[in-house]
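> Provided herewith is a single structure, encoded as structure tokens, for subsequent inquiry.
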Amino acid sequence: MKLSLLFLAVGFLLVLFQTTILHLLPLGPIVPDLILVLCVYWGLNYPSVGAVLGSFILGYSVDVFSSPLLGLNAFAMSLVFLAVYLSSRCIWIRDSLLSAAVVFAASWVKALALLMASSFFLTPDGLWRGFLQYVLLDALAAAALAPILFFLLRRGQRYIETAEMPS
Amino acid sequence: MLAFLRRNQVLLSSCLCVFLSLSILAAAARGRLRADPVGPLLLTFMRPLQIGAHAVGLWVREIADLSARLGGLASENRQLRERIQELAAERNRLLEVEATNQRLRELLAFRSQLPSASLTASVIGSSASTWFRSLTLDKGSADGVVKGMAVVSPTGVVGQVVSVTSRSARVLLLTDPHSGVDVIVQRSRARGIVAGSLDNGPVMKYVKRSEDVEIGDRLITSGVDGVFPKGLLVGTVTKVRKKSFGLFQFVGVDLAVDPSRIEEVLAVPPEAAPPKDENRP
């Protein structure tokens, strides 16, 4: 329970970062998707109903703050979690570099999910223009930050688990 | 059934969330999502946090910008300092060129008053001994310099050529104790010989006690030694001392030419005619 609350607090903190501080970084239009990294972490290291709900809620939060249509990011994050979770049942990933690769792949899954949903529910004029370039940069930025965020989340998870462990 | 649900709870809940989000999407797209109870709550909750985080972010960015600007200023400052050093070196070089130009102009003007056989030479060395005062010139016998030539500058007498090689010549300075030049006091026409000395500096020797010599008197070459043209400034009297005995009085001289500062000179043939203006300094 403590861990779920911690992760949810971290998730909202990341939403806060993504809507404020990360925009101030000199990365042009690219904002590193830390929430995606968190969802991938949950899918790999904390597969639980709480993580599923967390992914959905964080995606929904992003929708509230930035999406043109409510549910777009909730759908994409839920799909990303599902994809990573299914992958984690087949492959065991602990290495930082591999986790960055999974985040990179997850970025593409999310982008495709957004594109599909937008194509279906919206009229995405010009959405394809520069799509590949933006997704690539977005994925690279998220993958670059993944190892350090994974490290911090793993430390936090270990700390809470150790504290919750009965003596 | 319950065991199946428990075993696949993550997968099932994920699928449920996907479908839930799709239904929200569909409802939102069709405009059927009348009220969103979570969104306004979330926005209200996050607003102060966003304001704070944004302010902190701006502050951090300002600090980063400031440090970047400071870095740029430091770099610019370094470049400007280098530029100042370059310009100072350039200025020094130009001043040196100007000074040389001025000296050569004076030398040229002075040379026009001397016989055409006079040679211009540059000083390329000084004496290597404390006991002897000499200079080395960059002109030698191949250029027409001969032993015994008078060496003068626009400011006065320098010395005499004492040895010559094909490409250089050595000049015995007036400050050397072995040198000597016949002079007269410009004001009173009293005669004597100016020579160097190791203890008292240059002195005017053999001046009778009865001769009229005063401090500040200008000494010029007499021309009778056949080496130095008549009328060239040798120096000024700085000290006069008459003892109660002896034939001569002591006359200290401050030479017109400072040998340590001389760079270009004229070598004048021994048989040169004296300059027209005797009073020329």
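FYI, nothing fancy with the structure tokens labels: chains A, B, ... in order, residues from 1 per chain, ligands from 1 as they appear.
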What are the residues of chain A lining chain B at 7 Å or less? Count only C-alpha atoms, and put the answer as a VMD selection string.
chain A and resid 16 20 to 21 24 47 to 49 52 56 64 69 to 72 74 to 75 78 to 79 82 121
> Need to verify the contact set: Asp212 of chain B, 12 Å, only C-alpha atoms, exclusion of same-chain residues closer than 6 positions in sequence. Can you return it as a list of chain:residue names?
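Neighbouring residues, sequence-local ones excluded: B:Ile184, B:Val185, B:Gln186, B:Arg187, B:Ser188, B:Arg189, B:Ala190, B:Arg191, B:Gly192, B:Val237, B:Val240, B:Arg241, B:Lys242, B:Phe248, B:Gln249, B:Val251.
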> Any chance you could export the current selection's C-alpha atoms as a compact mmCIF listing (two decimals), in the first residue's frame?

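Below you can see again_5.txt, which holds the result:
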# COMPACT_ATOMS: atom_id res chain seq x y z
CA ILE B 184 87.54 74.70 -26.87
CA VAL B 185 85.15 76.37 -24.49
CA GLN B 186 82.55 77.93 -26.75
CA ARG B 187 82.13 81.02 -24.59
CA SER B 188 85.74 81.87 -23.66
CA ARG B 189 87.63 79.88 -26.33
CA ALA B 190 89.79 78.28 -23.65
CA ARG B 191 91.40 75.10 -24.94
CA GLY B 192 91.87 71.64 -23.50
CA VAL B 237 81.21 71.75 -17.95
CA VAL B 240 85.42 73.50 -12.00
CA ARG B 241 87.99 73.24 -9.26
CA LYS B 242 91.10 75.37 -8.93
CA PHE B 248 95.99 73.35 -14.43
CA GLN B 249 92.54 73.48 -13.04
CA VAL B 251 87.21 70.63 -15.12
> So which residues touch segment 165-182 of chain B within 8 Å, counting only C-alpha atoms, skipping near sequence neighbours fewer than 5 positions away, as a PDB file with C-alpha atoms, in the first residue's frame?

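What ended up in out_2.pdb:
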ATOM      1  CA  TRP B 131      87.969  48.967 -18.317  1.00  0.00           C
ATOM      2  CA  PHE B 132      87.450  49.911 -21.898  1.00  0.00           C
ATOM      3  CA  ARG B 133      84.537  51.797 -23.415  1.00  0.00           C
ATOM      4  CA  SER B 134      83.896  51.011 -27.024  1.00  0.00           C
ATOM      5  CA  LEU B 135      81.159  50.332 -29.540  1.00  0.00           C
ATOM      6  CA  THR B 136      80.959  48.039 -32.526  1.00  0.00           C
ATOM      7  CA  LEU B 137      79.513  49.341 -35.786  1.00  0.00           C
ATOM      8  CA  ASP B 138      77.898  47.307 -38.550  1.00  0.00           C
ATOM      9  CA  LYS B 139      80.054  48.920 -41.239  1.00  0.00           C
ATOM     10  CA  GLY B 140      83.666  48.044 -41.995  1.00  0.00           C
ATOM     11  CA  SER B 141      86.399  48.585 -44.516  1.00  0.00           C
ATOM     12  CA  ALA B 142      84.235  47.081 -47.254  1.00  0.00           C
ATOM     13  CA  ASP B 143      81.851  49.983 -46.690  1.00  0.00           C
ATOM     14  CA  VAL B 145      85.247  52.832 -42.896  1.00  0.00           C
ATOM     15  CA  VAL B 151      82.376  59.003 -35.063  1.00  0.00           C
ATOM     16  CA  VAL B 157      80.902  63.557 -30.594  1.00  0.00           C
ATOM     17  CA  VAL B 158      80.865  59.817 -29.931  1.00  0.00           C
ATOM     18  CA  GLY B 159      84.449  58.624 -30.395  1.00  0.00           C
ATOM     19  CA  GLN B 160      86.947  57.426 -32.913  1.00  0.00           C
ATOM     20  CA  ARG B 191      91.400  75.096 -24.941  1.00  0.00           C
ATOM     21  CA  GLY B 192      91.874  71.639 -23.503  1.00  0.00           C
ATOM     22  CA  ILE B 193      91.462  67.945 -24.154  1.00  0.00           C
ATOM     23  CA  VAL B 194      88.388  66.021 -23.135  1.00  0.00           C
ATOM     24  CA  ALA B 195      89.145  62.446 -22.155  1.00  0.00           C
ATOM     25  CA  GLY B 196      87.471  59.729 -20.174  1.00  0.00           C
ATOM     26  CA  SER B 197      88.567  58.598 -16.738  1.00  0.00           C
ATOM     27  CA  LEU B 198      87.610  55.671 -14.606  1.00  0.00           C
ATOM     28  CA  GLY B 201      84.090  60.423 -15.462  1.00  0.00           C
ATOM     29  CA  PRO B 202      85.019  62.542 -18.490  1.00  0.00           C
ATOM     30  CA  THR B 221      85.655  70.373 -30.979  1.00  0.00           C
ATOM     31  CA  SER B 222      88.492  72.636 -32.013  1.00  0.00           C
ATOM     32  CA  GLY B 223      89.216  70.802 -35.270  1.00  0.00           C
ATOM     33  CA  VAL B 224      92.962  71.122 -34.796  1.00  0.00           C
ATOM     34  CA  ASP B 225      93.463  67.404 -34.163  1.00  0.00           C
ATOM     35  CA  PHE B 228      86.949  65.707 -35.579  1.00  0.00           C
ATOM     36  CA  PRO B 259      76.979  56.048 -25.332  1.00  0.00           C
TER      37      PRO B 259
END
> Work out how far apart atom CA of Val203 of chain B and atom CA of Asp254 of chain B are and give it in Å to one decimal.
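Atom-to-atom, atom CA of Val203 of chain B and atom CA of Asp254 of chain B are spaced 8.3 Å apart.
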> Extract the full set of strand (DSSP E) residues from segment 98-149 of chain B according to DSSP on the backbone, and format it as a PyMOL selection string.
chain B and resi 119-126+134-137
> Output as a PyMOL selection string all residues of segment 23-140 of chain A that backbone DSSP marks as helix (DSSP H, G or I).
chain A and resi 23-24+34-45+49-66+72-90+96-121+131-140
> Please produce a file of those selected residues containing C-alpha atoms, as an mmCIF file, in the first residue's frame.

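Written file, again.cif:
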data_model
loop_
_atom_site.group_PDB
_atom_site.id
_atom_site.type_symbol
_atom_site.label_atom_id
_atom_site.label_comp_id
_atom_site.auth_asym_id
_atom_site.auth_seq_id
_atom_site.Cartn_x
_atom_site.Cartn_y
_atom_site.Cartn_z
ATOM 1 C CA HIS A 23 9.469 22.726 -20.587
ATOM 2 C CA LEU A 24 12.240 25.041 -19.469
ATOM 3 C CA LEU A 34 8.921 10.629 -17.553
ATOM 4 C CA ILE A 35 5.423 9.238 -16.985
ATOM 5 C CA LEU A 36 6.021 6.756 -19.762
ATOM 6 C CA VAL A 37 9.262 5.726 -18.051
ATOM 7 C CA LEU A 38 7.342 5.218 -14.808
ATOM 8 C CA CYS A 39 4.697 3.108 -16.551
ATOM 9 C CA VAL A 40 7.417 0.987 -18.145
ATOM 10 C CA TYR A 41 9.052 0.589 -14.755
ATOM 11 C CA TRP A 42 5.738 -0.535 -13.278
ATOM 12 C CA GLY A 43 5.231 -2.978 -16.110
ATOM 13 C CA LEU A 44 8.663 -4.471 -15.599
ATOM 14 C CA ASN A 45 9.161 -4.290 -11.845
ATOM 15 C CA VAL A 49 -3.508 -3.824 -10.198
ATOM 16 C CA GLY A 50 -2.316 -0.664 -8.454
ATOM 17 C CA ALA A 51 0.217 -0.114 -11.221
ATOM 18 C CA VAL A 52 -2.479 -0.635 -13.846
ATOM 19 C CA LEU A 53 -4.665 1.955 -12.173
ATOM 20 C CA GLY A 54 -1.662 4.213 -11.724
ATOM 21 C CA SER A 55 -0.865 4.100 -15.433
ATOM 22 C CA PHE A 56 -4.437 4.878 -16.286
ATOM 23 C CA ILE A 57 -4.683 7.736 -13.786
ATOM 24 C CA LEU A 58 -1.404 9.295 -14.870
ATOM 25 C CA GLY A 59 -2.413 9.026 -18.514
ATOM 26 C CA TYR A 60 -5.722 10.623 -17.609
ATOM 27 C CA SER A 61 -3.860 13.388 -15.747
ATOM 28 C CA VAL A 62 -1.818 14.116 -18.828
ATOM 29 C CA ASP A 63 -5.081 14.291 -20.766
ATOM 30 C CA VAL A 64 -6.455 16.776 -18.267
ATOM 31 C CA PHE A 65 -3.408 18.986 -18.651
ATOM 32 C CA SER A 66 -2.588 18.726 -22.302
ATOM 33 C CA LEU A 72 -6.078 9.704 -25.382
ATOM 34 C CA ASN A 73 -3.120 9.410 -23.035
ATOM 35 C CA ALA A 74 -5.056 7.203 -20.615
ATOM 36 C CA PHE A 75 -5.528 4.793 -23.491
ATOM 37 C CA ALA A 76 -1.907 5.071 -24.620
ATOM 38 C CA MET A 77 -0.455 4.598 -21.122
ATOM 39 C CA SER A 78 -2.735 1.674 -20.386
ATOM 40 C CA LEU A 79 -1.705 0.094 -23.658
ATOM 41 C CA VAL A 80 1.973 0.707 -22.942
ATOM 42 C CA PHE A 81 1.641 -0.868 -19.513
ATOM 43 C CA LEU A 82 -0.123 -3.847 -21.017
ATOM 44 C CA ALA A 83 2.527 -4.284 -23.711
ATOM 45 C CA VAL A 84 5.393 -4.015 -21.243
ATOM 46 C CA TYR A 85 3.683 -6.311 -18.808
ATOM 47 C CA LEU A 86 3.160 -8.942 -21.478
ATOM 48 C CA SER A 87 6.765 -8.557 -22.557
ATOM 49 C CA SER A 88 8.011 -8.869 -18.991
ATOM 50 C CA ARG A 89 6.325 -12.253 -18.739
ATOM 51 C CA CYS A 90 8.573 -13.478 -21.537
ATOM 52 C CA SER A 96 19.814 -0.297 -17.232
ATOM 53 C CA LEU A 97 20.724 -0.268 -20.911
ATOM 54 C CA LEU A 98 18.059 -2.854 -21.728
ATOM 55 C CA SER A 99 15.493 -0.927 -19.724
ATOM 56 C CA ALA A 100 16.373 2.154 -21.790
ATOM 57 C CA ALA A 101 15.798 0.066 -24.910
ATOM 58 C CA VAL A 102 12.399 -1.034 -23.572
ATOM 59 C CA VAL A 103 11.501 2.598 -22.858
ATOM 60 C CA PHE A 104 12.578 3.492 -26.383
ATOM 61 C CA ALA A 105 10.314 0.768 -27.779
ATOM 62 C CA ALA A 106 7.486 1.752 -25.425
ATOM 63 C CA SER A 107 7.693 5.310 -26.755
ATOM 64 C CA TRP A 108 6.945 3.980 -30.203
ATOM 65 C CA VAL A 109 4.052 1.911 -28.838
ATOM 66 C CA LYS A 110 2.630 4.980 -27.146
ATOM 67 C CA ALA A 111 3.124 7.116 -30.261
ATOM 68 C CA LEU A 112 1.400 4.547 -32.433
ATOM 69 C CA ALA A 113 -1.446 4.240 -29.926
ATOM 70 C CA LEU A 114 -1.882 8.020 -29.909
ATOM 71 C CA LEU A 115 -1.737 8.125 -33.682
ATOM 72 C CA MET A 116 -4.292 5.369 -34.071
ATOM 73 C CA ALA A 117 -6.657 6.843 -31.506
ATOM 74 C CA SER A 118 -6.274 10.318 -32.976
ATOM 75 C CA SER A 119 -6.870 9.016 -36.470
ATOM 76 C CA PHE A 120 -9.984 7.242 -35.312
ATOM 77 C CA PHE A 121 -11.521 9.820 -33.002
ATOM 78 C CA PHE A 131 5.721 12.230 -36.906
ATOM 79 C CA LEU A 132 8.743 9.981 -37.226
ATOM 80 C CA GLN A 133 11.192 12.713 -36.297
ATOM 81 C CA TYR A 134 9.223 13.755 -33.239
ATOM 82 C CA VAL A 135 8.655 10.209 -32.042
ATOM 83 C CA LEU A 136 12.306 9.403 -32.509
ATOM 84 C CA LEU A 137 13.439 12.437 -30.509
ATOM 85 C CA ASP A 138 10.795 11.811 -27.862
ATOM 86 C CA ALA A 139 11.817 8.174 -27.565
ATOM 87 C CA LEU A 140 15.496 9.057 -27.385
#
